[in-house]
file work_18.txt (compact mmCIF, C-alpha atoms)
# COMPACT_ATOMS: atom_id res chain seq x y z
CA MET A 151 21.82 -32.59 -17.81
CA ALA A 152 19.66 -34.02 -15.04
CA ARG A 153 21.40 -31.73 -12.59
CA GLU A 154 20.81 -28.69 -14.80
CA GLY A 155 17.17 -29.69 -15.07
CA ARG A 156 16.85 -29.82 -11.29
CA PHE A 157 18.61 -26.46 -11.01
CA ALA A 158 16.24 -24.92 -13.56
CA LYS A 159 13.27 -26.34 -11.70
CA GLY A 160 14.60 -24.90 -8.44
CA THR A 161 15.01 -21.50 -10.07
CA ALA A 162 11.48 -21.62 -11.47
CA ARG A 163 10.11 -22.57 -8.06
CA ARG A 164 12.03 -19.72 -6.39
CA GLU A 165 10.60 -17.33 -8.98
CA SER A 166 7.05 -18.54 -8.40
CA ILE A 167 7.47 -18.17 -4.61
CA LEU A 168 8.72 -14.58 -5.07
CA ALA A 169 5.89 -13.72 -7.48
CA THR A 170 3.32 -15.13 -5.06
CA ALA A 171 4.87 -13.32 -2.09
CA THR A 172 4.52 -10.03 -4.01
CA GLU A 173 0.87 -10.84 -4.80
CA VAL A 174 0.14 -11.62 -1.15
CA LEU A 175 1.81 -8.34 -0.11
CA ALA A 176 -0.33 -6.45 -2.63
CA ARG A 177 -3.52 -8.17 -1.47
CA ASP A 178 -3.06 -8.47 2.31
CA GLY A 179 -0.52 -5.76 3.14
CA TYR A 180 2.72 -6.16 5.06
CA ARG A 181 1.23 -7.41 8.31
CA GLY A 182 -0.95 -9.94 6.50
CA THR A 183 2.08 -11.44 4.79
CA SER A 184 3.71 -14.33 6.61
CA LEU A 185 5.51 -17.48 5.53
CA ARG A 186 2.23 -19.23 6.34
CA SER A 187 0.05 -16.97 4.14
CA ILE A 188 2.52 -17.18 1.23
CA ALA A 189 2.67 -20.97 1.63
CA ARG A 190 -1.14 -21.19 1.67
CA ALA A 191 -1.38 -19.24 -1.60
CA LEU A 192 1.14 -21.67 -3.14
CA GLU A 193 -0.51 -24.73 -1.59
CA LEU A 194 2.80 -25.60 0.03
CA GLU A 195 3.95 -26.24 3.58
CA PRO A 196 5.72 -23.18 5.11
CA ALA A 197 8.78 -25.37 5.71
CA HIS A 198 8.96 -26.03 1.97
CA ILE A 199 9.57 -22.31 1.31
CA LEU A 200 12.55 -22.48 3.64
CA TYR A 201 14.01 -25.10 1.34
CA TYR A 202 14.44 -22.33 -1.27
CA PHE A 203 15.19 -19.40 1.05
CA ASP A 204 17.38 -19.37 4.14
CA SER A 205 14.90 -17.46 6.28
CA ARG A 206 11.92 -15.12 6.20
CA GLU A 207 14.44 -12.24 5.91
CA ASP A 208 16.13 -13.89 2.95
CA LEU A 209 12.74 -14.34 1.23
CA LEU A 210 11.66 -10.73 1.85
CA GLN A 211 15.02 -9.36 0.74
CA ASN A 212 14.65 -11.31 -2.51
CA VAL A 213 11.12 -9.94 -2.98
CA ILE A 214 12.63 -6.43 -2.91
CA ALA A 215 15.53 -7.40 -5.20
CA ARG A 216 13.10 -8.94 -7.72
CA TRP A 217 10.85 -5.87 -7.63
CA ASP A 218 13.91 -3.70 -8.27
CA GLU A 219 14.85 -5.81 -11.27
CA ASP A 220 11.33 -5.52 -12.66
CA GLN A 221 11.53 -1.72 -12.37
CA LEU A 222 13.87 0.76 -14.00
CA ILE A 223 16.46 -0.85 -12.28
CA GLN A 224 16.55 -3.78 -14.69
CA GLY A 225 20.25 -4.56 -14.91
CA TRP A 226 20.93 -1.42 -12.86
CA GLU A 227 22.28 0.40 -15.90
CA PRO A 228 19.38 2.21 -17.51
CA ASP A 229 19.90 4.87 -20.21
CA PRO A 230 21.13 7.85 -18.14
CA ALA A 231 18.98 10.17 -20.27
CA LEU A 232 15.89 8.37 -18.99
CA THR A 233 16.89 7.36 -15.45
CA LEU A 234 15.32 10.24 -13.51
CA ASP A 235 11.97 9.81 -15.27
CA LEU A 236 12.14 6.03 -14.85
CA TYR A 237 12.73 6.61 -11.13
CA ILE A 238 9.52 8.64 -10.90
CA GLY A 239 7.69 5.83 -12.74
CA ALA A 240 9.11 3.24 -10.34
CA ILE A 241 7.82 5.20 -7.32
CA ARG A 242 4.44 5.56 -9.03
CA ARG A 243 4.25 1.78 -9.44
CA ASN A 244 5.30 1.26 -5.80
CA LEU A 245 2.30 3.32 -4.71
CA GLU A 246 0.01 0.68 -6.22
CA ILE A 247 1.39 -1.81 -3.69
CA PRO A 248 1.47 -0.10 -0.28
CA GLY A 249 2.35 -3.45 1.34
CA LEU A 250 5.59 -3.45 -0.63
CA ILE A 251 6.53 0.11 0.41
CA HIS A 252 5.71 -0.88 3.95
CA LEU A 253 7.92 -3.97 3.72
CA TYR A 254 10.75 -1.94 2.18
CA LEU A 255 10.66 0.83 4.81
CA ILE A 256 10.34 -1.39 7.89
CA PHE A 257 12.92 -3.79 6.57
CA ALA A 258 15.40 -1.04 5.60
CA ALA A 259 15.00 0.67 8.99
CA GLU A 260 15.55 -2.63 10.82
CA ALA A 261 18.51 -3.49 8.60
CA ALA A 262 20.24 -0.23 9.55
CA GLN A 263 21.61 -2.14 12.55
CA SER A 264 24.96 -3.43 11.32
CA ASP A 265 24.41 -6.99 12.63
CA HIS A 266 21.07 -7.42 10.81
CA PRO A 267 21.19 -10.25 8.22
CA SER A 268 20.05 -7.85 5.45
CA HIS A 269 22.35 -4.96 6.40
CA ASP A 270 24.81 -5.52 3.55
CA PHE A 271 21.99 -5.99 1.05
CA PHE A 272 20.45 -2.60 1.90
CA ARG A 273 23.75 -0.80 2.18
CA GLU A 274 24.72 -2.02 -1.29
CA ARG A 275 21.25 -1.24 -2.65
CA PHE A 276 21.51 2.38 -1.44
CA GLU A 277 24.96 2.57 -3.07
CA LYS A 278 23.69 1.17 -6.37
CA VAL A 279 20.69 3.51 -6.56
CA ARG A 280 22.92 6.44 -5.58
CA ARG A 281 25.44 5.64 -8.32
CA MET A 282 22.67 5.17 -10.90
CA LEU A 283 21.03 8.51 -10.03
CA ALA A 284 24.38 10.36 -9.79
CA THR A 285 25.29 9.09 -13.28
CA ALA A 286 21.94 10.39 -14.56
CA VAL A 287 22.46 13.80 -12.92
CA GLU A 288 25.95 14.06 -14.48
CA TYR A 289 24.53 13.07 -17.86
CA GLU A 290 21.83 15.78 -17.63
CA GLN A 291 24.45 18.30 -16.50
CA ASN A 292 26.53 17.53 -19.60
CA ALA A 293 23.38 17.75 -21.73
CA GLY A 294 22.66 21.22 -20.30
CA ARG A 295 19.52 20.08 -18.51
CA ILE A 296 20.81 20.45 -14.93
CA ASP A 297 22.97 23.20 -13.39
CA PRO A 298 26.60 21.97 -13.58
CA ALA A 299 27.33 23.53 -10.16
CA ILE A 300 25.16 20.91 -8.40
CA ASP A 301 26.90 18.01 -6.64
CA PRO A 302 25.68 14.79 -8.37
CA ASP A 303 26.34 12.48 -5.40
CA ARG A 304 24.54 14.69 -2.88
CA THR A 305 21.68 15.21 -5.33
CA ALA A 306 21.39 11.44 -5.77
CA ARG A 307 21.23 10.95 -1.97
CA LEU A 308 18.58 13.67 -1.73
CA LEU A 309 16.44 12.14 -4.49
CA ILE A 310 16.52 8.73 -2.74
CA ALA A 311 15.65 10.46 0.54
CA VAL A 312 12.73 12.31 -1.05
CA ALA A 313 11.43 9.07 -2.57
CA ASP A 314 11.75 7.08 0.68
CA GLY A 315 10.51 9.90 2.91
CA VAL A 316 7.49 10.89 0.85
CA GLN A 317 6.49 7.25 0.44
CA LEU A 318 6.46 7.00 4.26
CA GLN A 319 4.22 10.09 4.43
CA ALA A 320 1.97 8.66 1.70
CA LEU A 321 1.48 5.47 3.75
CA MET A 322 0.33 7.67 6.66
CA ASN A 323 -1.87 9.85 4.47
CA PRO A 324 -2.98 8.36 1.14
CA ALA A 325 -3.94 11.87 -0.09
CA ILE A 326 -0.21 12.53 -0.56
CA ASP A 327 1.06 11.60 -4.05
CA ALA A 328 4.68 10.63 -3.49
CA ALA A 329 5.41 10.27 -7.23
CA ASP A 330 4.12 13.82 -7.90
CA ASP A 331 6.29 15.17 -5.09
CA LEU A 332 9.36 13.41 -6.51
CA ALA A 333 8.49 14.65 -10.02
CA ALA A 334 8.21 18.23 -8.69
CA THR A 335 11.66 17.89 -7.10
CA ILE A 336 13.17 16.73 -10.39
CA THR A 337 11.39 19.50 -12.34
CA GLN A 338 12.83 22.06 -9.92
CA LEU A 339 16.28 20.53 -10.27
CA ARG A 340 16.03 20.94 -14.05
CA SER A 341 14.52 24.43 -13.91
CA ARG A 342 17.60 25.80 -12.18
CA VAL A 343 19.65 25.42 -15.35
CA ASP A 344 17.77 28.27 -17.06
CA HIS A 345 19.35 30.65 -14.61
CA ALA A 346 22.72 28.95 -14.47
CA VAL A 347 23.18 28.99 -18.22
CA SER A 348 22.01 32.56 -18.74
CA MET B 195 -3.58 18.41 48.12
CA ALA B 196 -2.51 14.86 48.79
CA ARG B 197 -3.95 13.89 45.42
CA GLU B 198 -2.07 16.67 43.64
CA GLY B 199 1.10 15.57 45.40
CA ARG B 200 0.62 12.01 44.15
CA PHE B 201 -0.09 13.32 40.66
CA ALA B 202 3.09 15.42 40.70
CA LYS B 203 5.09 12.41 41.88
CA GLY B 204 3.60 10.31 39.08
CA THR B 205 4.55 12.97 36.52
CA ALA B 206 8.09 13.16 37.89
CA ARG B 207 8.41 9.38 37.73
CA ARG B 208 7.11 9.32 34.13
CA GLU B 209 9.68 11.98 33.25
CA SER B 210 12.52 10.03 34.84
CA ILE B 211 11.45 6.85 32.98
CA LEU B 212 11.45 8.75 29.66
CA ALA B 213 14.84 10.36 30.37
CA THR B 214 16.33 6.97 31.25
CA ALA B 215 14.80 5.31 28.18
CA THR B 216 16.50 7.97 26.01
CA GLU B 217 19.83 7.35 27.79
CA VAL B 218 19.54 3.59 27.26
CA LEU B 219 18.74 4.17 23.56
CA ALA B 220 21.80 6.41 23.23
CA ARG B 221 24.03 3.88 25.01
CA ASP B 222 22.76 0.51 23.76
CA GLY B 223 21.02 1.36 20.47
CA TYR B 224 17.50 0.46 19.46
CA ARG B 225 17.85 -3.32 19.66
CA GLY B 226 19.50 -3.11 23.08
CA THR B 227 16.57 -1.13 24.46
CA SER B 228 13.83 -3.21 26.05
CA LEU B 229 11.43 -2.67 28.93
CA ARG B 230 13.82 -4.91 30.87
CA SER B 231 16.96 -2.87 30.11
CA ILE B 232 15.18 0.42 30.89
CA ALA B 233 13.84 -1.06 34.14
CA ARG B 234 17.32 -2.30 35.08
CA ALA B 235 18.79 1.20 34.61
CA LEU B 236 16.04 2.58 36.87
CA GLU B 237 16.35 -0.25 39.42
CA LEU B 238 12.68 -1.04 38.89
CA GLU B 239 10.70 -4.12 37.89
CA PRO B 240 9.63 -4.02 34.18
CA ALA B 241 6.01 -4.34 35.32
CA HIS B 242 6.42 -1.12 37.30
CA ILE B 243 7.06 0.83 34.07
CA LEU B 244 3.77 -0.45 32.72
CA TYR B 245 2.10 1.24 35.68
CA TYR B 246 3.06 4.58 34.07
CA PHE B 247 2.74 3.63 30.40
CA ASP B 248 0.07 1.49 28.74
CA SER B 249 2.52 -0.59 26.72
CA ARG B 250 6.02 -0.66 25.25
CA GLU B 251 4.57 1.25 22.23
CA ASP B 252 3.10 3.92 24.51
CA LEU B 253 6.49 4.33 26.24
CA LEU B 254 8.44 4.57 22.96
CA GLN B 255 5.92 7.00 21.46
CA ASN B 256 6.37 9.21 24.53
CA VAL B 257 10.17 9.01 24.19
CA ILE B 258 9.77 10.47 20.67
CA ALA B 259 7.25 13.12 21.83
CA ARG B 260 9.57 14.20 24.65
CA TRP B 261 12.57 14.41 22.30
CA ASP B 262 10.48 16.56 19.96
CA GLU B 263 9.60 18.91 22.80
CA ASP B 264 13.26 19.18 23.77
CA GLN B 265 14.12 20.18 20.21
CA LEU B 266 13.02 23.10 18.11
CA ILE B 267 9.73 21.83 18.38
CA GLN B 268 9.27 23.12 21.92
CA GLY B 269 5.63 24.21 21.94
CA TRP B 270 5.54 23.50 18.19
CA GLU B 271 5.44 27.21 17.39
CA PRO B 272 9.03 28.38 16.96
CA ASP B 273 9.85 31.79 15.46
CA PRO B 274 9.18 31.20 11.73
CA ALA B 275 12.30 33.21 10.87
CA LEU B 276 14.39 30.57 12.65
CA THR B 277 12.42 27.35 12.04
CA LEU B 278 14.34 26.03 9.03
CA ASP B 279 17.70 26.50 10.77
CA LEU B 280 16.35 25.00 13.98
CA TYR B 281 15.20 22.00 11.95
CA ILE B 282 18.75 21.47 10.68
CA GLY B 283 20.00 21.73 14.29
CA ALA B 284 17.43 19.18 15.43
CA ILE B 285 18.59 16.67 12.79
CA ARG B 286 22.20 17.33 13.80
CA ARG B 287 21.34 16.46 17.42
CA ASN B 288 19.47 13.33 16.30
CA LEU B 289 22.66 12.10 14.64
CA GLU B 290 24.33 11.98 18.06
CA ILE B 291 21.80 9.32 19.08
CA PRO B 292 21.52 6.79 16.24
CA GLY B 293 19.38 4.56 18.50
CA LEU B 294 16.76 7.28 18.57
CA ILE B 295 16.71 7.73 14.77
CA HIS B 296 16.48 3.97 14.49
CA LEU B 297 13.55 3.88 16.93
CA TYR B 298 11.82 6.72 15.10
CA LEU B 299 12.17 5.19 11.62
CA ILE B 300 11.18 1.62 12.53
CA PHE B 301 8.34 2.83 14.68
CA ALA B 302 7.04 5.29 12.04
CA ALA B 303 7.23 2.62 9.32
CA GLU B 304 5.37 0.10 11.49
CA ALA B 305 2.80 2.73 12.51
CA ALA B 306 1.96 3.39 8.85
CA GLN B 307 -0.50 0.49 9.16
CA SER B 308 -3.77 2.21 10.13
CA ASP B 309 -4.56 -0.24 12.95
CA HIS B 310 -1.20 0.29 14.70
CA PRO B 311 -1.62 1.79 18.21
CA SER B 312 0.73 4.68 17.31
CA HIS B 313 -0.76 5.40 13.88
CA ASP B 314 -2.65 8.55 14.95
CA PHE B 315 0.37 9.82 16.90
CA PHE B 316 2.62 9.63 13.83
CA ARG B 317 0.01 10.91 11.41
CA GLU B 318 -0.54 13.97 13.62
CA ARG B 319 3.20 14.42 14.13
CA PHE B 320 3.79 14.51 10.35
CA GLU B 321 0.96 17.07 10.08
CA LYS B 322 2.41 19.25 12.86
CA VAL B 323 5.92 19.25 11.41
CA ARG B 324 4.52 19.93 7.94
CA ARG B 325 2.49 22.93 9.17
CA MET B 326 5.45 24.27 11.13
CA LEU B 327 7.80 24.04 8.12
CA ALA B 328 5.17 25.38 5.67
CA THR B 329 4.67 28.42 7.95
CA ALA B 330 8.43 28.97 7.93
CA VAL B 331 8.61 28.70 4.13
CA GLU B 332 5.76 31.24 3.75
CA TYR B 333 7.49 33.56 6.20
CA GLU B 334 10.76 33.37 4.23
CA GLN B 335 8.83 33.91 0.98
CA ASN B 336 7.30 37.10 2.41
CA ALA B 337 10.73 38.15 3.66
CA GLY B 338 12.14 37.73 0.12
CA ARG B 339 14.36 34.81 1.13
CA ILE B 340 12.53 32.06 -0.81
CA ASP B 341 11.02 32.17 -4.32
CA PRO B 342 7.30 33.03 -3.88
CA ALA B 343 6.38 30.62 -6.72
CA ILE B 344 7.27 27.60 -4.57
CA ASP B 345 4.42 25.62 -2.95
CA PRO B 346 4.98 25.84 0.85
CA ASP B 347 3.07 22.62 1.70
CA ARG B 348 4.88 20.50 -0.86
CA THR B 349 8.21 22.03 0.16
CA ALA B 350 7.45 21.19 3.80
CA ARG B 351 6.70 17.56 2.86
CA LEU B 352 9.91 17.39 0.84
CA LEU B 353 12.02 18.78 3.70
CA ILE B 354 10.58 16.19 6.11
CA ALA B 355 11.22 13.50 3.50
CA VAL B 356 14.82 14.65 3.01
CA ALA B 357 15.40 14.64 6.79
CA ASP B 358 13.85 11.17 7.30
CA GLY B 359 15.38 9.66 4.17
CA VAL B 360 18.92 10.95 4.65
CA GLN B 361 18.86 9.89 8.31
CA LEU B 362 18.05 6.36 7.09
CA GLN B 363 21.01 6.50 4.70
CA ALA B 364 23.24 7.86 7.48
CA LEU B 365 22.33 4.87 9.68
CA MET B 366 23.47 2.58 6.84
CA ASN B 367 26.62 4.60 6.13
CA PRO B 368 27.89 6.82 8.96
CA ALA B 369 30.07 8.73 6.45
CA ILE B 370 26.88 10.46 5.27
CA ASP B 371 26.15 13.69 7.16
CA ALA B 372 22.35 13.97 7.10
CA ALA B 373 22.33 17.44 8.67
CA ASP B 374 24.72 18.76 5.98
CA ASP B 375 22.53 17.28 3.26
CA LEU B 376 19.43 18.91 4.75
CA ALA B 377 21.31 22.22 5.12
CA ALA B 378 22.36 22.05 1.45
CA THR B 379 18.72 21.52 0.45
CA ILE B 380 17.63 24.59 2.41
CA THR B 381 20.51 26.67 1.03
CA GLN B 382 19.42 25.70 -2.50
CA LEU B 383 15.83 26.57 -1.70
CA ARG B 384 16.95 30.04 -0.59
CA SER B 385 19.38 30.53 -3.49
CA ARG B 386 16.56 30.29 -6.02
CA VAL B 387 15.19 33.66 -4.92
CA ASP B 388 18.16 35.50 -6.47
CA HIS B 389 16.91 34.44 -9.87
CA ALA B 390 13.22 34.80 -9.07
CA VAL B 391 13.58 38.36 -7.81
CA SER B 392 15.86 39.58 -10.61
call {"tool": "encode", "arguments": {"input": "work_18.txt", "output": "structure tokens"}}
result
Amino acid sequence: MAREGRFAKGTARRESILATATEVLARDGYRGTSLRSIARALELEPAHILYYFDSREDLLQNVIARWDEDQLIQGWEPDPALTLDLYIGAIRRNLEIPGLIHLYLIFAAEAAQSDHPSHDFFRERFEKVRRMLATAVEYEQNAGRIDPAIDPDRTARLLIAVADGVQLQALMNPAIDAADDLAATITQLRSRVDHAVS
Amino acid sequence: MAREGRFAKGTARRESILATATEVLARDGYRGTSLRSIARALELEPAHILYYFDSREDLLQNVIARWDEDQLIQGWEPDPALTLDLYIGAIRRNLEIPGLIHLYLIFAAEAAQSDHPSHDFFRERFEKVRRMLATAVEYEQNAGRIDPAIDPDRTARLLIAVADGVQLQALMNPAIDAADDLAATITQLRSRVDHAVS
């Protein structure tokens, strides 16, 4: 029992570190977010954070994983009838925290190198999102909402690319609404069925 | 005359540094490319490179600008009838040099912060590519190849996003062919006109 209690306390402390890291990212942006600034907000020593996370990379990777879980992406098996619209909503919420988009894009680009400690995390994340979106596209094809001639896997890759790519452009130019651009892409995808079915 | 001669020599030396930096990126990847490794390939001292470029960022930014000029993007005003296909070709050539894609994506993501020394470079580059692609989309609309109801600016942003985003996925998983995915997007864009015109 005592051991379980300690484990629960450790889990709660990890959660509070991740929540605070997300707040610091939202407030100070990516470059303002360091182990030191997160520790200061928690009134901890930086070294104490490394008791709960193996490294800065491990902490940041878990910030992204936690954000994913808080989004659509809860359990990674949303209702396929709703997934595409939930994905738009998730991107819209990202735009409220540019520091988080910034973290995600820099970190994903760095992790593309196969010896990066977060390489497997990102590779699996891309796979998961692709599968989730491909399942949604197939569902909407069966429901007559999307042209059945479209390749679900490629479409899923393209939707992720649009989301990532337009978020990068929105960081450069805040006049760009990445969620609107993604929504327009999905509307166009659905509009094609009118012709296909006729 | 002597001054012009020195200037020409300086330009030639800058060019040879940029060409060598691109070769080192192709051979050793992004993480293997440092001022030191570029200097070694040129049989120069690293400090000597900084005589021609203000900083590592300035050098890397110029590597990207030079690569752009070598691509479609020569003069930034290609024949609008060919632009979309040239864009696919440019992405296909990028895929031969993953280190360059890696450099571009990390550097663009970092430069999203408005105080980054390369922020204006990337912001203007996104604008230039967007204008070039939007002009091509308008041209193909007038030529009856693309549905005239489509918004050229948004389509241009989406094509850039697809290119950037699928290149990121291709770095994670080399089985993904980013140029094929971009080509499929452009084929779909053009196929819509059959319905729109009828």
call {"tool": "interface_residues", "arguments": {"input": "work_18.txt", "of": "chain A", "to": "chain B", "cutoff": "6 Å", "atoms": "only C-alpha atoms", "output": "ChimeraX atom specification"}}
result
/A:255-256,259,262,273,311-312,314-316,321-322
call {"tool": "write_last_selection", "arguments": {"input": "work_18.txt", "atoms": "C-alpha atoms", "output": "PDB file, keeping the file's coordinate frame"}}
result
ATOM      1  CA  LEU A 255      10.660   0.830   4.810  1.00  0.00           C
ATOM      2  CA  ILE A 256      10.340  -1.390   7.890  1.00  0.00           C
ATOM      3  CA  ALA A 259      15.000   0.670   8.990  1.00  0.00           C
ATOM      4  CA  ALA A 262      20.240  -0.230   9.550  1.00  0.00           C
ATOM      5  CA  ARG A 273      23.750  -0.800   2.180  1.00  0.00           C
ATOM      6  CA  ALA A 311      15.650  10.460   0.540  1.00  0.00           C
ATOM      7  CA  VAL A 312      12.730  12.310  -1.050  1.00  0.00           C
ATOM      8  CA  ASP A 314      11.750   7.080   0.680  1.00  0.00           C
ATOM      9  CA  GLY A 315      10.510   9.900   2.910  1.00  0.00           C
ATOM     10  CA  VAL A 316       7.490  10.890   0.850  1.00  0.00           C
ATOM     11  CA  LEU A 321       1.480   5.470   3.750  1.00  0.00           C
ATOM     12  CA  MET A 322       0.330   7.670   6.660  1.00  0.00           C
TER      13      MET A 322
END
call {"tool": "atom_distance", "arguments": {"input": "work_18.txt", "atom1": "atom CA of Tyr281 of chain B", "atom2": "atom CA of Ala373 of chain B"}}
result
9.1 Å
call {"tool": "atom_distance", "arguments": {"input": "work_18.txt", "atom1": "atom CA of Asp341 of chain B", "atom2": "atom CA of Gly294 of chain A"}}
result
22.6 Å
call {"tool": "atom_distance", "arguments": {"input": "work_18.txt", "atom1": "atom CA of Leu254 of chain B", "atom2": "atom CA of Ile291 of chain B"}}
result
14.7 Å
call {"tool": "closest_residue", "arguments": {"input": "work_18.txt", "among": "A:His198, A:Arg281, A:Arg275, A:Arg340", "to": "Arg295 of chain A", "atoms": "all atoms listed in the file"}}
result
A:Arg340
call {"tool": "closest_residue", "arguments": {"input": "work_18.txt", "among": "A:Leu194, A:Arg186, A:Thr337, A:Pro302", "to": "Arg280 of chain A", "atoms": "all atoms listed in the file"}}
result
A:Pro302
call {"tool": "axis_aligned_box", "arguments": {"input": "work_18.txt", "around": "segment 228-240 of chain B", "padding_each_side": "5 Å", "output": "lines of an AutoDock Vina configuration file"}}
result
center_x = 14.2
center_y = -1.2
center_z = 32.7
size_x = 19.2
size_y = 17.5
size_z = 23.4
call {"tool": "closest_residue", "arguments": {"input": "work_18.txt", "among": "B:Ala377, B:Ala235, B:Ile282, B:Pro274", "to": "Ala328 of chain B", "atoms": "only C-alpha atoms"}}
result
B:Pro274
call {"tool": "residues_near_point", "arguments": {"input": "work_18.txt", "point": "(13.5, 35.9, 6.5)", "cutoff": "12 Å", "atoms": "all atoms listed in the file", "output": "PyMOL selection string"}}
result
chain B and resi 273-279+329-341+384+387
call {"tool": "decode", "arguments": {"input": "work_18.txt", "residues": "segment 226-232 of chain B", "atoms": "all heavy atoms", "output": "tab-separated table (two decimals), in the first residue's frame"}}
result
chain	number	residue	atom	x	y	z
B	226	GLY	N	25.80	16.10	-39.09
B	226	GLY	CA	27.22	15.99	-39.37
B	226	GLY	C	27.81	17.23	-40.01
B	226	GLY	O	29.00	17.27	-40.33
B	227	THR	N	26.96	18.25	-40.22
B	227	THR	CA	27.41	19.45	-40.93
B	227	THR	C	27.62	20.59	-39.95
B	227	THR	O	26.68	21.09	-39.35
B	227	THR	CB	26.37	19.85	-42.00
B	227	THR	OG1	26.20	18.76	-42.90
B	227	THR	CG2	26.85	21.07	-42.79
B	228	SER	N	28.88	20.94	-39.75
B	228	SER	CA	29.23	22.05	-38.86
B	228	SER	C	30.16	22.99	-39.63
B	228	SER	O	30.67	22.63	-40.70
B	228	SER	CB	29.96	21.51	-37.63
B	228	SER	OG	31.12	20.81	-38.05
B	229	LEU	N	30.38	24.17	-39.11
B	229	LEU	CA	31.39	25.05	-39.70
B	229	LEU	C	32.70	24.30	-39.85
B	229	LEU	O	33.39	24.40	-40.85
B	229	LEU	CB	31.61	26.28	-38.81
B	229	LEU	CG	30.66	27.47	-39.00
B	229	LEU	CD1	31.13	28.65	-38.17
B	229	LEU	CD2	30.55	27.87	-40.47
B	230	ARG	N	33.03	23.50	-38.81
B	230	ARG	CA	34.30	22.76	-38.81
B	230	ARG	C	34.37	21.75	-39.95
B	230	ARG	O	35.38	21.68	-40.67
B	230	ARG	CB	34.46	22.05	-37.46
B	230	ARG	CG	35.79	21.40	-37.20
B	230	ARG	CD	35.87	20.85	-35.78
B	230	ARG	NE	35.75	21.92	-34.80
B	230	ARG	CZ	36.78	22.67	-34.39
B	230	ARG	NH1	38.00	22.43	-34.84
B	230	ARG	NH2	36.60	23.64	-33.51
B	231	SER	N	33.24	20.98	-40.15
B	231	SER	CA	33.30	19.94	-41.19
B	231	SER	C	33.30	20.58	-42.59
B	231	SER	O	33.94	20.06	-43.51
B	231	SER	CB	32.15	18.93	-41.03
B	231	SER	OG	30.90	19.56	-41.21
B	232	ILE	N	32.60	21.70	-42.75
B	232	ILE	CA	32.63	22.40	-44.04
B	232	ILE	C	34.04	22.95	-44.29
B	232	ILE	O	34.59	22.82	-45.39
B	232	ILE	CB	31.59	23.54	-44.07
B	232	ILE	CG1	30.16	22.97	-43.93
B	232	ILE	CG2	31.69	24.35	-45.37
B	232	ILE	CD1	29.11	24.01	-43.59
